[in-house]
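For reference, run15.pdb is printed below; it contains PDB, C-alpha atoms and all ligand atoms.
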ATOM      1  CA  MET V  26     108.231  74.574  85.736
ATOM      2  CA  THR V  27     108.522  78.342  85.389
ATOM      3  CA  LEU V  28     109.027  80.646  88.358
ATOM      4  CA  ARG V  29     105.614  82.158  87.885
ATOM      5  CA  GLU V  30     103.555  78.970  88.180
ATOM      6  CA  PRO V  31     103.321  78.816  91.984
ATOM      7  CA  GLN V  32     101.963  82.383  92.072
ATOM      8  CA  GLY V  33      99.278  81.638  89.508
ATOM      9  CA  GLU V  34      98.361  78.540  91.488
ATOM     10  CA  ARG V  35      97.304  80.571  94.530
ATOM     11  CA  GLU V  36      93.624  79.741  94.718
ATOM     12  CA  GLY V  37      91.469  82.117  92.713
ATOM     13  CA  LEU V  38      94.297  84.607  92.169
ATOM     14  CA  GLN V  39      94.694  84.366  88.407
ATOM     15  CA  PRO V  40      91.032  85.118  87.529
ATOM     16  CA  ALA V  41      91.092  88.011  90.029
ATOM     17  CA  ILE V  42      94.257  89.396  88.363
ATOM     18  CA  GLU V  43      92.492  89.219  84.982
ATOM     19  CA  GLU V  44      89.481  91.036  86.383
ATOM     20  CA  ALA V  45      91.600  93.690  88.132
ATOM     21  CA  ALA V  46      93.588  94.384  84.942
ATOM     22  CA  ARG V  47      90.382  94.674  82.923
ATOM     23  CA  VAL V  48      88.809  97.113  85.406
ATOM     24  CA  ILE V  49      91.965  99.252  85.581
ATOM     25  CA  ALA V  50      92.214  99.339  81.786
ATOM     26  CA  ASP V  51      88.566 100.474  81.555
ATOM     27  CA  SER V  52      88.913 103.195  84.218
ATOM     28  CA  GLN V  53      89.692 106.878  83.700
ATOM     29  CA  HIS V  54      91.134 107.872  87.086
ATOM     30  CA  VAL V  55      92.731 105.145  89.187
ATOM     31  CA  VAL V  56      93.865 105.934  92.736
ATOM     32  CA  ALA V  57      95.817 103.636  95.093
ATOM     33  CA  LEU V  58      95.041 103.892  98.805
ATOM     34  CA  VAL V  59      98.084 102.382 100.490
ATOM     35  CA  GLY V  60      98.685 101.153 104.051
ATOM     36  CA  ALA V  61     101.468  99.600 106.074
ATOM     37  CA  GLY V  62     101.016  96.190 104.388
ATOM     38  CA  LEU V  63     102.685  97.426 101.187
ATOM     39  CA  SER V  64     105.951  97.947 103.068
ATOM     40  CA  ALA V  65     105.756  94.662 104.998
ATOM     41  CA  GLU V  66     107.774  92.977 102.237
ATOM     42  CA  SER V  67     110.424  95.693 102.720
ATOM     43  CA  GLY V  68     110.865  94.498 106.307
ATOM     44  CA  VAL V  69     108.846  97.328 107.911
ATOM     45  CA  PRO V  70     106.453  95.829 110.468
ATOM     46  CA  THR V  71     102.776  96.775 110.420
ATOM     47  CA  PHE V  72     101.158  98.108 113.605
ATOM     48  CA  ARG V  73      98.225  95.722 113.846
ATOM     49  CA  GLY V  74      97.965  91.963 113.281
ATOM     50  CA  PRO V  75      99.784  88.991 114.872
ATOM     51  CA  GLU V  76     103.268  90.255 113.943
ATOM     52  CA  GLY V  77     102.263  93.894 114.452
ATOM     53  CA  LEU V  78     104.310  96.290 116.541
ATOM     54  CA  TRP V  79     101.461  97.162 118.886
ATOM     55  CA  THR V  80     100.651  93.505 119.443
ATOM     56  CA  LYS V  81     104.270  92.878 120.464
ATOM     57  CA  HIS V  82     105.105  96.110 122.318
ATOM     58  CA  GLY V  83     101.765  97.497 123.469
ATOM     59  CA  GLU V  84      99.668 100.410 122.305
ATOM     60  CA  PRO V  85     101.395 103.674 121.404
ATOM     61  CA  ASP V  86     101.065 106.933 123.324
ATOM     62  CA  LEU V  87      97.744 108.289 122.126
ATOM     63  CA  ARG V  88      98.521 111.657 123.779
ATOM     64  CA  ASP V  89     101.589 112.280 121.612
ATOM     65  CA  TYR V  90     100.252 115.408 119.896
ATOM     66  CA  GLU V  91      98.757 116.751 123.127
ATOM     67  CA  ARG V  92     102.196 116.483 124.750
ATOM     68  CA  PHE V  93     103.781 118.265 121.803
ATOM     69  CA  VAL V  94     101.271 121.143 122.029
ATOM     70  CA  GLU V  95     101.719 121.391 125.811
ATOM     71  CA  ASP V  96     105.503 121.544 125.678
ATOM     72  CA  PRO V  97     107.126 121.487 122.196
ATOM     73  CA  LYS V  98     110.610 122.134 123.645
ATOM     74  CA  ARG V  99     110.395 119.070 125.895
ATOM     75  CA  TRP V 100     108.955 117.000 123.025
ATOM     76  CA  TRP V 101     111.909 117.944 120.811
ATOM     77  CA  GLU V 102     114.446 117.213 123.550
ATOM     78  CA  GLN V 103     112.991 113.726 124.030
ATOM     79  CA  ARG V 104     112.921 113.155 120.304
ATOM     80  CA  LEU V 105     116.574 114.061 119.900
ATOM     81  CA  GLU V 106     117.470 111.710 122.780
ATOM     82  CA  ARG V 107     115.887 108.928 120.663
ATOM     83  CA  THR V 108     114.751 106.847 123.639
ATOM     84  CA  SER V 109     111.653 105.388 122.017
ATOM     85  CA  ARG V 110     110.206 101.964 122.806
ATOM     86  CA  PHE V 111     109.841 101.719 119.066
ATOM     87  CA  ALA V 112     113.535 102.029 118.230
ATOM     88  CA  GLU V 113     113.217  98.699 116.395
ATOM     89  CA  PHE V 114     110.626 100.304 114.089
ATOM     90  CA  ALA V 115     112.874 103.303 113.401
ATOM     91  CA  GLN V 116     115.733 100.962 112.522
ATOM     92  CA  ALA V 117     113.537  98.911 110.166
ATOM     93  CA  LEU V 118     112.532 102.154 108.435
ATOM     94  CA  ASP V 119     116.154 103.294 108.161
ATOM     95  CA  GLU V 120     117.103 100.026 106.477
ATOM     96  CA  ALA V 121     114.047  99.590 104.242
ATOM     97  CA  VAL V 122     114.221  99.696 100.455
ATOM     98  CA  PRO V 123     111.249  99.573  98.054
ATOM     99  CA  ASN V 124     109.885  96.129  97.141
ATOM    100  CA  ALA V 125     108.179  94.757  94.025
ATOM    101  CA  GLY V 126     104.877  96.341  95.107
ATOM    102  CA  HIS V 127     106.325  99.868  95.197
ATOM    103  CA  PHE V 128     107.954  99.335  91.793
ATOM    104  CA  ALA V 129     104.703  97.967  90.344
ATOM    105  CA  LEU V 130     102.900 101.163  91.434
ATOM    106  CA  ARG V 131     105.672 103.212  89.813
ATOM    107  CA  ASP V 132     105.220 101.160  86.608
ATOM    108  CA  LEU V 133     101.442 101.612  86.632
ATOM    109  CA  GLU V 134     101.902 105.382  86.867
ATOM    110  CA  GLU V 135     104.433 105.392  84.023
ATOM    111  CA  MET V 136     102.034 103.319  81.906
ATOM    112  CA  GLY V 137      99.301 105.926  82.476
ATOM    113  CA  ARG V 138      97.210 103.378  84.385
ATOM    114  CA  LEU V 139      97.507 104.961  87.850
ATOM    115  CA  GLN V 140      96.795 108.641  88.431
ATOM    116  CA  HIS V 141      97.508 109.074  92.147
ATOM    117  CA  ILE V 142      98.742 107.385  95.314
ATOM    118  CA  ILE V 143      97.218 108.247  98.689
ATOM    119  CA  THR V 144      99.579 106.660 101.165
ATOM    120  CA  GLN V 145      99.249 106.265 104.917
ATOM    121  CA  ASN V 146     102.901 105.224 105.052
ATOM    122  CA  ILE V 147     105.548 107.598 106.287
ATOM    123  CA  ASP V 148     108.524 105.597 104.989
ATOM    124  CA  ASN V 149     109.344 107.561 101.792
ATOM    125  CA  LEU V 150     109.549 104.305  99.805
ATOM    126  CA  HIS V 151     107.164 105.445  97.039
ATOM    127  CA  GLN V 152     109.491 108.364  96.254
ATOM    128  CA  ILE V 153     112.575 106.138  96.307
ATOM    129  CA  ALA V 154     110.828 103.735  93.899
ATOM    130  CA  GLY V 155     110.146 106.671  91.536
ATOM    131  CA  SER V 156     106.398 107.346  91.894
ATOM    132  CA  GLN V 157     105.463 110.986  91.251
ATOM    133  CA  ALA V 158     101.843 111.735  92.177
ATOM    134  CA  ILE V 159     101.707 111.006  95.910
ATOM    135  CA  THR V 160      99.747 112.432  98.825
ATOM    136  CA  GLU V 161     101.085 111.396 102.217
ATOM    137  CA  ILE V 162      98.152 111.581 104.548
ATOM    138  CA  HIS V 163     100.273 110.761 107.617
ATOM    139  CA  GLY V 164     103.320 112.729 106.522
ATOM    140  CA  ASN V 165     106.873 111.646 105.738
ATOM    141  CA  ARG V 166     109.455 110.668 108.320
ATOM    142  CA  ILE V 167     112.336 112.361 106.535
ATOM    143  CA  LYS V 168     110.614 115.776 106.556
ATOM    144  CA  LEU V 169     109.666 118.485 109.028
ATOM    145  CA  ARG V 170     106.505 120.642 108.836
ATOM    146  CA  CYS V 171     105.517 124.082 110.134
ATOM    147  CA  VAL V 172     102.349 123.854 112.251
ATOM    148  CA  LEU V 173     101.204 127.275 111.013
ATOM    149  CA  CYS V 174     101.904 127.476 107.271
ATOM    150  CA  ASN V 175     102.254 123.687 106.528
ATOM    151  CA  GLN V 176     105.521 124.290 104.650
ATOM    152  CA  ARG V 177     107.613 121.079 104.562
ATOM    153  CA  TRP V 178     111.363 121.104 105.138
ATOM    154  CA  ALA V 179     114.274 118.694 104.978
ATOM    155  CA  TYR V 180     115.939 118.294 108.392
ATOM    156  CA  GLU V 181     119.117 119.991 107.198
ATOM    157  CA  ASP V 182     117.178 123.125 106.195
ATOM    158  CA  VAL V 183     115.940 123.843 109.723
ATOM    159  CA  SER V 184     118.203 124.833 112.596
ATOM    160  CA  LEU V 185     117.757 122.655 115.687
ATOM    161  CA  ASP V 186     120.155 124.792 117.758
ATOM    162  CA  GLU V 187     117.251 126.383 119.595
ATOM    163  CA  LEU V 188     114.300 124.236 120.581
ATOM    164  CA  PRO V 189     111.550 124.170 119.517
ATOM    165  CA  PRO V 190     112.735 125.061 115.999
ATOM    166  CA  LYS V 191     111.016 127.948 114.204
ATOM    167  CA  CYS V 192     109.812 127.885 110.592
ATOM    168  CA  PRO V 193     112.420 129.474 108.269
ATOM    169  CA  ASP V 194     109.582 130.712 106.034
ATOM    170  CA  CYS V 195     106.866 132.323 108.169
ATOM    171  CA  ALA V 196     109.259 132.725 111.153
ATOM    172  CA  SER V 197     106.449 132.414 113.708
ATOM    173  CA  GLY V 198     105.295 128.798 113.377
ATOM    174  CA  VAL V 199     106.890 126.002 115.400
ATOM    175  CA  VAL V 200     108.308 123.165 113.320
ATOM    176  CA  LYS V 201     107.498 119.523 114.103
ATOM    177  CA  SER V 202     108.137 116.211 112.378
ATOM    178  CA  ASP V 203     105.961 115.925 109.256
ATOM    179  CA  THR V 204     104.721 112.557 110.546
ATOM    180  CA  VAL V 205     101.178 112.961 111.847
ATOM    181  CA  MET V 206     101.027 112.142 115.559
ATOM    182  CA  PHE V 207      98.210 110.443 117.405
ATOM    183  CA  GLY V 208      95.611 113.095 118.134
ATOM    184  CA  GLU V 209      96.933 115.459 115.471
ATOM    185  CA  PRO V 210      94.605 116.561 112.674
ATOM    186  CA  ILE V 211      95.551 115.492 109.131
ATOM    187  CA  PRO V 212      97.194 118.537 107.463
ATOM    188  CA  ARG V 213      94.524 120.435 105.542
ATOM    189  CA  ASP V 214      96.379 120.484 102.213
ATOM    190  CA  ALA V 215      96.844 116.685 102.232
ATOM    191  CA  LEU V 216      93.242 116.044 103.268
ATOM    192  CA  ASP V 217      91.893 118.357 100.551
ATOM    193  CA  GLU V 218      93.956 116.560  97.908
ATOM    194  CA  CYS V 219      92.670 113.167  99.100
ATOM    195  CA  ILE V 220      89.057 114.341  98.928
ATOM    196  CA  ASN V 221      89.693 115.778  95.467
ATOM    197  CA  GLN V 222      91.300 112.524  94.265
ATOM    198  CA  SER V 223      88.497 110.395  95.710
ATOM    199  CA  ARG V 224      85.927 112.536  93.864
ATOM    200  CA  MET V 225      87.708 112.053  90.520
ATOM    201  CA  CYS V 226      88.408 108.368  91.166
ATOM    202  CA  ASP V 227      86.448 105.655  89.347
ATOM    203  CA  CYS V 228      88.688 102.792  90.510
ATOM    204  CA  MET V 229      90.488 102.584  93.857
ATOM    205  CA  LEU V 230      93.152 100.012  94.739
ATOM    206  CA  LEU V 231      93.128  99.245  98.478
ATOM    207  CA  ILE V 232      96.615  97.984  99.156
ATOM    208  CA  GLY V 233      97.804  96.604 102.510
ATOM    209  CA  THR V 234      95.479  98.637 104.640
ATOM    210  CA  SER V 235      93.155  97.323 107.319
ATOM    211  CA  ALA V 236      91.185 100.522 106.755
ATOM    212  CA  VAL V 237      90.087 101.046 110.317
ATOM    213  CA  VAL V 238      91.720 104.476 110.582
ATOM    214  CA  TYR V 239      89.644 107.494 109.562
ATOM    215  CA  PRO V 240      89.672 109.582 107.457
ATOM    216  CA  ALA V 241      91.473 107.135 105.121
ATOM    217  CA  ALA V 242      88.740 104.562 105.658
ATOM    218  CA  GLN V 243      86.197 107.054 104.295
ATOM    219  CA  PHE V 244      87.707 107.412 100.814
ATOM    220  CA  PRO V 245      86.824 103.901  99.535
ATOM    221  CA  GLU V 246      83.288 104.316 100.853
ATOM    222  CA  ASP V 247      82.959 107.596  98.937
ATOM    223  CA  VAL V 248      84.274 105.991  95.734
ATOM    224  CA  LYS V 249      81.898 103.050  96.122
ATOM    225  CA  ILE V 250      78.879 105.281  96.758
ATOM    226  CA  SER V 251      79.611 107.289  93.610
ATOM    227  CA  GLY V 252      79.699 104.102  91.502
ATOM    228  CA  GLY V 253      83.452 103.422  91.365
ATOM    229  CA  THR V 254      85.127 100.016  91.585
ATOM    230  CA  LEU V 255      87.187  98.846  94.572
ATOM    231  CA  ILE V 256      90.062  96.374  94.174
ATOM    232  CA  GLU V 257      91.488  95.037  97.430
ATOM    233  CA  VAL V 258      95.093  93.766  97.538
ATOM    234  CA  ASN V 259      95.703  92.090 100.881
ATOM    235  CA  PRO V 260      96.571  88.543 101.985
ATOM    236  CA  ASN V 261      94.013  88.904 104.788
ATOM    237  CA  GLU V 262      90.362  89.855 105.032
ATOM    238  CA  THR V 263      89.651  93.449 106.173
ATOM    239  CA  PRO V 264      86.525  95.489 106.911
ATOM    240  CA  LEU V 265      86.786  96.682 103.280
ATOM    241  CA  THR V 266      86.548  93.189 101.792
ATOM    242  CA  ARG V 267      82.766  93.294 102.078
ATOM    243  CA  ILE V 268      82.443  96.328  99.767
ATOM    244  CA  SER V 269      85.302  95.383  97.391
ATOM    245  CA  ASP V 270      84.424  94.336  93.839
ATOM    246  CA  VAL V 271      87.674  92.454  93.150
ATOM    247  CA  VAL V 272      89.874  90.868  95.832
ATOM    248  CA  LEU V 273      93.507  89.909  95.223
ATOM    249  CA  ARG V 274      94.243  87.634  98.178
ATOM    250  CA  ALA V 275      98.065  87.732  98.004
ATOM    251  CA  PRO V 276     100.996  89.836  99.223
ATOM    252  CA  ALA V 277     101.103  93.197  97.414
ATOM    253  CA  GLY V 278     104.478  92.590  95.737
ATOM    254  CA  GLU V 279     103.248  89.436  94.066
ATOM    255  CA  ALA V 280      99.734  90.610  93.193
ATOM    256  CA  LEU V 281     100.693  94.038  91.822
ATOM    257  CA  SER V 282     103.540  92.615  89.706
ATOM    258  CA  LEU V 283     101.067  90.202  88.095
ATOM    259  CA  VAL V 284      98.609  93.061  87.428
ATOM    260  CA  VAL V 285     101.353  95.114  85.727
ATOM    261  CA  GLU V 286     102.377  92.138  83.624
ATOM    262  CA  ARG V 287      98.788  91.497  82.541
ATOM    263  CA  LEU V 288      98.198  95.179  81.717
ATOM    264  CA  ARG V 289     101.342  95.297  79.576
ATOM    265  CA  SER V 290      99.805  92.656  77.336
ATOM    266  CA  LEU V 291      96.603  94.674  76.815
ATOM    267  CA  PRO V 292      96.254  97.266  74.029
ATOM    268  CA  LEU V 293      96.804 100.897  75.091
ATOM    269  CA  ARG V 294      93.764 103.116  75.593
TER     270      ARG V 294
HETATM  271  P1  LIG V 301      97.788  98.102 109.691
HETATM  272  O1  LIG V 301      99.009  97.701 110.379
HETATM  273  O2  LIG V 301      96.611  98.368 110.512
HETATM  274  O3  LIG V 301      97.335  97.004 108.609
HETATM  275  C1  LIG V 301      98.223  96.484 107.715
HETATM  276  C2  LIG V 301      97.450  95.668 106.662
HETATM  277  O4  LIG V 301      98.403  95.154 105.763
HETATM  278  C3  LIG V 301      96.652  94.492 107.203
HETATM  279  O5  LIG V 301      95.354  94.515 106.669
HETATM  280  C4  LIG V 301      97.427  93.261 106.691
HETATM  281  O6  LIG V 301      96.577  92.172 106.399
HETATM  282  C5  LIG V 301      98.053  93.828 105.440
HETATM  283  N1  LIG V 301      99.273  93.161 104.958
HETATM  284  C6  LIG V 301     100.236  92.535 105.666
HETATM  285  N2  LIG V 301     101.199  92.079 104.831
HETATM  286  C7  LIG V 301     100.843  92.454 103.586
HETATM  287  C8  LIG V 301     101.423  92.302 102.291
HETATM  288  N3  LIG V 301     102.596  91.658 102.122
HETATM  289  N4  LIG V 301     100.777  92.815 101.228
HETATM  290  C9  LIG V 301      99.591  93.465 101.370
HETATM  291  N5  LIG V 301      98.997  93.633 102.572
HETATM  292  C10 LIG V 301      99.614  93.143 103.653
HETATM  293  O7  LIG V 301      98.216  99.331 108.815
HETATM  294  P2  LIG V 301      97.372 100.530 108.317
HETATM  295  O8  LIG V 301      95.962 100.123 108.079
HETATM  296  O9  LIG V 301      98.144 101.061 107.217
HETATM  297  O10 LIG V 301      97.330 101.591 109.543
HETATM  298  C11 LIG V 301      98.360 101.833 110.439
HETATM  299  C12 LIG V 301      98.984 103.234 110.334
HETATM  300  O11 LIG V 301     100.310 103.132 110.825
HETATM  301  C13 LIG V 301      99.188 103.727 108.940
HETATM  302  O12 LIG V 301      98.247 104.669 108.705
HETATM  303  C14 LIG V 301     100.586 104.339 108.870
HETATM  304  O13 LIG V 301     100.524 105.729 109.032
HETATM  305  C15 LIG V 301     101.301 103.812 110.051
HETATM  306  N6  LIG V 301     102.367 102.854 109.687
HETATM  307  C16 LIG V 301     103.244 103.166 108.666
HETATM  308  C17 LIG V 301     104.232 102.270 108.300
HETATM  309  C18 LIG V 301     105.151 102.622 107.158
HETATM  310  O14 LIG V 301     105.347 103.802 106.877
HETATM  311  N7  LIG V 301     105.711 101.652 106.452
HETATM  312  C19 LIG V 301     104.342 101.042 108.956
HETATM  313  C20 LIG V 301     103.457 100.768 110.029
HETATM  314  C21 LIG V 301     102.466 101.698 110.354
HETATM  315 ZN    ZN V 302     105.695 128.436 108.699
END
File written out as structure tokens:
Amino acid sequence: MTLREPQGEREGLQPAIEEAARVIADSQHVVALVGAGLSAESGVPTFRGPEGLWTKHGEPDLRDYERFVEDPKRWWEQRLERTSRFAEFAQALDEAVPNAGHFALRDLEEMGRLQHIITQNIDNLHQIAGSQAITEIHGNRIKLRCVLCNQRWAYEDVSLDELPPKCPDCASGVVKSDTVMFGEPIPRDALDECINQSRMCDCMLLIGTSAVVYPAAQFPEDVKISGGTLIEVNPNETPLTRISDVVLRAPAGEALSLVVERLRSLPLR
């Protein structure tokens, strides 16, 4: 028995892999819309679902951004004290490394089969895996961002001696974590790129996202309405299953590796 047999035996998976590979090979502009599920196999918990962080620890502070706007100095002081209820989440992120799913997306890009990743994840694992074309709709935890000019900075490039920190570039904007807080608008540049990508897209992979968070949930609907194909990669049913054309009912690491393998055996465009 080969190692691969049990994967292929997952009910209905192999024909769906065939179909997904065929659709991707026939498409001109493939975009992956990624959610927390992709990083689950890297040990980063999702927010929703039975094992989700919110299920275990309660809902997050939905007034986070409002508090930041009211008193950025206080917000920064609390942040630097690192007294979050979600310290477990921060530790999981610190320790996480990319899994087979991240590497499969990197491979698809290198093969010319994937044009862009729109990720809702903040964990920086796409970059570590080597993907290039990425829009982070919810920001990146290792970066800071100026609220005025949207310039992103590494932590070491911004002085935290005086709080709240000021933007080294425009000098008047306050700097916050790049991660988008509850209640905070998606940064305009990221949103514009997502809309642009969704317009060009004729095949969207919906990977590990329960797609209940707007505006991300809108992009697959737009692609579908304009005649594109949706491929869902998720071990569980989601609100997007209903409008998906192909469903890979398996963990992302397993499903995406099989798609890459199948595509490698197809002739190049
Ligand atoms: P979610 O928690 O609402 O949903 C996660 C989805 O992943 C579910 O549909 C679940 O069925 C699926 N899933 C679980 N294991 C999977 C696997 N191995 N392979 C594929 N799919 C799997 O997450 P969401 O819809 O992305 O929304 C929550 C928001 O929270 C995100 O927008 C993100 O900004 C943030 N978040 C980020 C991280 C991260 O950076 N890694 C982790 C948790 C939450
Ligand atoms: Zn600035």
Point to revise | Given 8 Å and only C-alpha atoms and all ligand atoms, residues near ligand LIG 301 (chain V) as number ranges by chain | key: V: 59-66, 69-74, 77-78, 118, 144-149, 162-164, 205, 232-238, 258-263, 275-278
Near ligand ZN 302 (chain V), 6 Å: chain V residue rows, closest pairs, only C-alpha atoms and all ligand atoms, as CSV:
residue,atom,partner,partner_atom,distance
V:Cys171,CA,V:ZN302,ZN,4.6
V:Leu173,CA,V:ZN302,ZN,5.2
V:Cys174,CA,V:ZN302,ZN,4.2
V:Gln176,CA,V:ZN302,ZN,5.8
V:Cys192,CA,V:ZN302,ZN,4.6
V:Asp194,CA,V:ZN302,ZN,5.2
V:Cys195,CA,V:ZN302,ZN,4.1
V:Gly198,CA,V:ZN302,ZN,4.7
Check your understanding: How many Å lie between CA of Met225 (chain V) and CA of His54 (chain V), rounded to one decimal?
Key ->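 So the answer is 6.4 Å.
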Which residues of region 191-248 of chain V come within 12 Å of region 96-101 of chain V, and for each one, what is the closest pair of atoms and their distance in Å to one decimal, counting only C-alpha atoms, sorted by chain and residue number, as a tab-separated table?
residue	atom	partner	partner_atom	distance
V:Lys191	CA	V:Pro97	CA	11.0
V:Gly198	CA	V:Pro97	CA	11.6
V:Val199	CA	V:Pro97	CA	8.2
V:Val200	CA	V:Pro97	CA	9.1
V:Lys201	CA	V:Trp101	CA	8.2
V:Ser202	CA	V:Trp101	CA	9.4
V:Met206	CA	V:Trp100	CA	11.9
Check your understanding: Excluding same-chain residues fewer than 2 positions from Val56 (chain V), what lies within 6 Å of it counting all atoms listed in the file, as a list in words?
Key -> Gln140, His141, Ile142 and Met229 of chain V
Could you add the missing atoms to region 240-259 of chain V, up to N, CA and C atoms, and return them as a PDB file, in the frame of the given file?
ATOM      1  N   PRO V 240      90.648 109.530 108.542  1.00  0.00           N
ATOM      2  CA  PRO V 240      89.672 109.582 107.457  1.00  0.00           C
ATOM      3  C   PRO V 240      89.965 108.647 106.289  1.00  0.00           C
ATOM      4  N   ALA V 241      91.121 107.963 106.286  1.00  0.00           N
ATOM      5  CA  ALA V 241      91.473 107.135 105.121  1.00  0.00           C
ATOM      6  C   ALA V 241      90.386 106.108 104.812  1.00  0.00           C
ATOM      7  N   ALA V 242      89.759 105.584 105.853  1.00  0.00           N
ATOM      8  CA  ALA V 242      88.740 104.562 105.658  1.00  0.00           C
ATOM      9  C   ALA V 242      87.513 105.104 104.920  1.00  0.00           C
ATOM     10  N   GLN V 243      87.365 106.425 104.929  1.00  0.00           N
ATOM     11  CA  GLN V 243      86.197 107.054 104.295  1.00  0.00           C
ATOM     12  C   GLN V 243      86.301 107.071 102.767  1.00  0.00           C
ATOM     13  N   PHE V 244      87.539 107.202 102.258  1.00  0.00           N
ATOM     14  CA  PHE V 244      87.707 107.412 100.814  1.00  0.00           C
ATOM     15  C   PHE V 244      87.122 106.261  99.975  1.00  0.00           C
ATOM     16  N   PRO V 245      87.425 104.984 100.326  1.00  0.00           N
ATOM     17  CA  PRO V 245      86.824 103.901  99.535  1.00  0.00           C
ATOM     18  C   PRO V 245      85.297 103.915  99.592  1.00  0.00           C
ATOM     19  N   GLU V 246      84.758 104.260 100.741  1.00  0.00           N
ATOM     20  CA  GLU V 246      83.288 104.316 100.853  1.00  0.00           C
ATOM     21  C   GLU V 246      82.737 105.370  99.906  1.00  0.00           C
ATOM     22  N   ASP V 247      83.415 106.531  99.840  1.00  0.00           N
ATOM     23  CA  ASP V 247      82.959 107.596  98.937  1.00  0.00           C
ATOM     24  C   ASP V 247      83.018 107.146  97.475  1.00  0.00           C
ATOM     25  N   VAL V 248      84.117 106.464  97.119  1.00  0.00           N
ATOM     26  CA  VAL V 248      84.274 105.991  95.734  1.00  0.00           C
ATOM     27  C   VAL V 248      83.173 104.989  95.400  1.00  0.00           C
ATOM     28  N   LYS V 249      82.925 104.082  96.335  1.00  0.00           N
ATOM     29  CA  LYS V 249      81.898 103.050  96.122  1.00  0.00           C
ATOM     30  C   LYS V 249      80.517 103.681  95.935  1.00  0.00           C
ATOM     31  N   ILE V 250      80.198 104.636  96.803  1.00  0.00           N
ATOM     32  CA  ILE V 250      78.879 105.281  96.758  1.00  0.00           C
ATOM     33  C   ILE V 250      78.675 106.000  95.423  1.00  0.00           C
ATOM     34  N   SER V 251      79.777 106.575  94.881  1.00  0.00           N
ATOM     35  CA  SER V 251      79.611 107.289  93.610  1.00  0.00           C
ATOM     36  C   SER V 251      79.771 106.363  92.394  1.00  0.00           C
ATOM     37  N   GLY V 252      79.754 105.046  92.621  1.00  0.00           N
ATOM     38  CA  GLY V 252      79.699 104.102  91.502  1.00  0.00           C
ATOM     39  C   GLY V 252      81.048 103.574  91.037  1.00  0.00           C
ATOM     40  N   GLY V 253      82.119 103.905  91.746  1.00  0.00           N
ATOM     41  CA  GLY V 253      83.452 103.422  91.365  1.00  0.00           C
ATOM     42  C   GLY V 253      83.675 101.970  91.785  1.00  0.00           C
ATOM     43  N   THR V 254      84.793 101.414  91.304  1.00  0.00           N
ATOM     44  CA  THR V 254      85.127 100.016  91.585  1.00  0.00           C
ATOM     45  C   THR V 254      86.256  99.948  92.607  1.00  0.00           C
ATOM     46  N   LEU V 255      86.145  99.022  93.559  1.00  0.00           N
ATOM     47  CA  LEU V 255      87.187  98.846  94.572  1.00  0.00           C
ATOM     48  C   LEU V 255      87.904  97.513  94.352  1.00  0.00           C
ATOM     49  N   ILE V 256      89.244  97.584  94.320  1.00  0.00           N
ATOM     50  CA  ILE V 256      90.062  96.374  94.174  1.00  0.00           C
ATOM     51  C   ILE V 256      90.920  96.243  95.420  1.00  0.00           C
ATOM     52  N   GLU V 257      90.693  95.217  96.208  1.00  0.00           N
ATOM     53  CA  GLU V 257      91.488  95.037  97.430  1.00  0.00           C
ATOM     54  C   GLU V 257      92.698  94.142  97.155  1.00  0.00           C
ATOM     55  N   VAL V 258      93.868  94.563  97.648  1.00  0.00           N
ATOM     56  CA  VAL V 258      95.093  93.766  97.538  1.00  0.00           C
ATOM     57  C   VAL V 258      95.609  93.538  98.943  1.00  0.00           C
ATOM     58  N   ASN V 259      95.373  92.345  99.477  1.00  0.00           N
ATOM     59  CA  ASN V 259      95.703  92.090 100.881  1.00  0.00           C
ATOM     60  C   ASN V 259      95.637  90.584 101.109  1.00  0.00           C
TER      61      ASN V 259
END
